[in-house]
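Colleague: Below: one structure in structure tokens.
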Amino acid sequence: MTWTSAFGRTCGRLLYAIVNRMALARISPNVLTFMGLVINVVAALLFGYATGETQRRMFFYAGLVVFAAGFFDLVDGRVARASNQVTRFGGFFDSVVDRYSDAALFFGLLVFYARGNRFFYVVLTALVMISAIMVSYTRARAESLIGSCKVGFMERPERLVLIIIGALANRMAPVLWVIAVLSTITVIHRMYYTWRQTELMEGTPAGAGRAA
């Protein structure tokens, strides 16, 4: 066994123990989801209040806070399954709150760049915010038509990892470029995939698949 696999096993056991404790305590998964939003709002405030002199320090703290918020994203679904609290509304609530969490982080960056009179990066951050929301929207809309649309790369976990890296390393500008480009590619990919699938579905004879 390598040290990496041993570390992975240890983290898995720790996560399993935490989830079980929360499940036994009957903690609501929706509360965990909402806590993730609250913590991401704290990170947004750290981004927004950063100045040229404090940017490195405030961004570093914001990166740590976003990383901490990821814990709630990681456990809410697991707690729901472990405590038999899985509901249709829970999935809906989680999806809606995730969109608010994403928007909060980008809004914090919008405020930071606006306060620094960096108009170009205000526009870039707005584009990233829109494209991130569209990545989620295209999947949800496509799956109402074709059942499954998991194509594309730049989903929420990837965005959060990049934001954390950008904040901790104080290299947010190149991270925004990467998210903007890959999110746009993902949206286009999902639109094309959905178009192809609907073409196949609509090209099926009307009586095909029906029992005689």
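Simple scheme: letters A, B, ... for chains in structure tokens order, numbers from 1 for residues in each chain, numbers from 1 for ligands in the order shown.
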Mind running segment 41-93 of chain A against segment 107-126 of chain A at 6 Å and telling me each contacting residue's nearest atom pair with the distance in Å (one decimal), counting only C-alpha atoms, chain and number ascending, as CSV?

Modeller:
residue,atom,partner,partner_atom,distance
A:Ala44,CA,A:Gly108,CA,4.3
A:Leu45,CA,A:Gly108,CA,6.0
A:Phe47,CA,A:Gly108,CA,5.1
A:Gly48,CA,A:Gly108,CA,4.5

Colleague: Taking 5 positions as the minimum chain separation for residues in the same chain, which residues sit within 7 Å of Cys149 of chain A when counting only C-alpha atoms? Answer as a ChimeraX atom specification.

Modeller: /A:139,142-143,190

Colleague: Could you write out the selected residues, including C-alpha atoms, as a CSV table (one decimal), in the first residue's frame?

Modeller:
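Wrote it out as result14.csv, contents follow:
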chain,number,residue,atom,x,y,z
A,139,ARG,CA,-27.7,20.6,-18.2
A,142,ALA,CA,-31.3,19.4,-21.5
A,143,GLU,CA,-32.1,16.7,-19.0
A,190,ARG,CA,-24.0,20.7,-24.2

Colleague: Can you tell me which residues surround Met172 of chain A at a distance of at most 9 Å, considering only C-alpha atoms, apart from same-chain residues fewer than 5 positions away, and format the answer as a PyMOL selection string?

Modeller: chain A and resi 59+162-163+165-167+177

Colleague: Would you save the residues of that selection, restricted to N, CA and C atoms, as a compact mmCIF listing (two decimals), in the first residue's frame?

Modeller:
# COMPACT_ATOMS: atom_id res chain seq x y z
N PHE A 59 -7.33 37.43 -0.08
CA PHE A 59 -7.63 36.37 -1.03
C PHE A 59 -7.23 35.01 -0.45
N LEU A 162 -10.55 25.66 -8.99
CA LEU A 162 -9.80 26.74 -9.63
C LEU A 162 -9.87 28.03 -8.82
N ILE A 163 -11.05 28.35 -8.27
CA ILE A 163 -11.19 29.55 -7.45
C ILE A 163 -10.31 29.45 -6.20
N ILE A 165 -7.55 27.68 -5.85
CA ILE A 165 -6.15 27.81 -6.28
C ILE A 165 -5.83 29.27 -6.58
N GLY A 166 -6.72 29.94 -7.32
CA GLY A 166 -6.50 31.34 -7.65
C GLY A 166 -6.43 32.23 -6.43
N ALA A 167 -7.28 31.96 -5.44
CA ALA A 167 -7.29 32.78 -4.23
C ALA A 167 -6.05 32.53 -3.38
N TRP A 177 -9.92 33.68 -16.60
CA TRP A 177 -9.82 33.39 -18.03
C TRP A 177 -10.10 31.92 -18.32

Colleague: Using only C-alpha atoms, which residue out of A:Ile146, A:Leu168, A:Val135, A:Leu14 lies closest to Ile185 of chain A?

Modeller: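 With only C-alpha atoms as the atom set, the closest residue is A:Val135.
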
Colleague: Please determine, counting only C-alpha atoms, which residue among A:Pro29, A:Leu200, A:Arg156, A:Met191 has the shortest atom-to-atom distance to Phe89 of chain A.

Modeller: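 Of the candidates, the smallest distance to Phe89 of chain A is held by A:Pro29.
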
Colleague: Restricting the calculation to only C-alpha atoms, which member of A:Gln85, A:Thr198, A:Thr33, A:Thr138 is positioned closest to Tyr100 of chain A?

Modeller: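 That would be A:Thr33, the residue with the smallest distance to Tyr100 of chain A.
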
Colleague: Quick one: DSSP alpha helix (DSSP H) residues in chain A, as a PyMOL selection string?

Modeller: chain A and resi 3-24+29-49+55-82+88-115+119-146+156-169+172-202

Colleague: Using atom CA of Phe93 of chain A and atom CA of Asn40 of chain A as the two end points, give the distance in Å to one decimal.

Modeller: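 Going from atom CA of Phe93 of chain A over to atom CA of Asn40 of chain A covers 16.1 Å.
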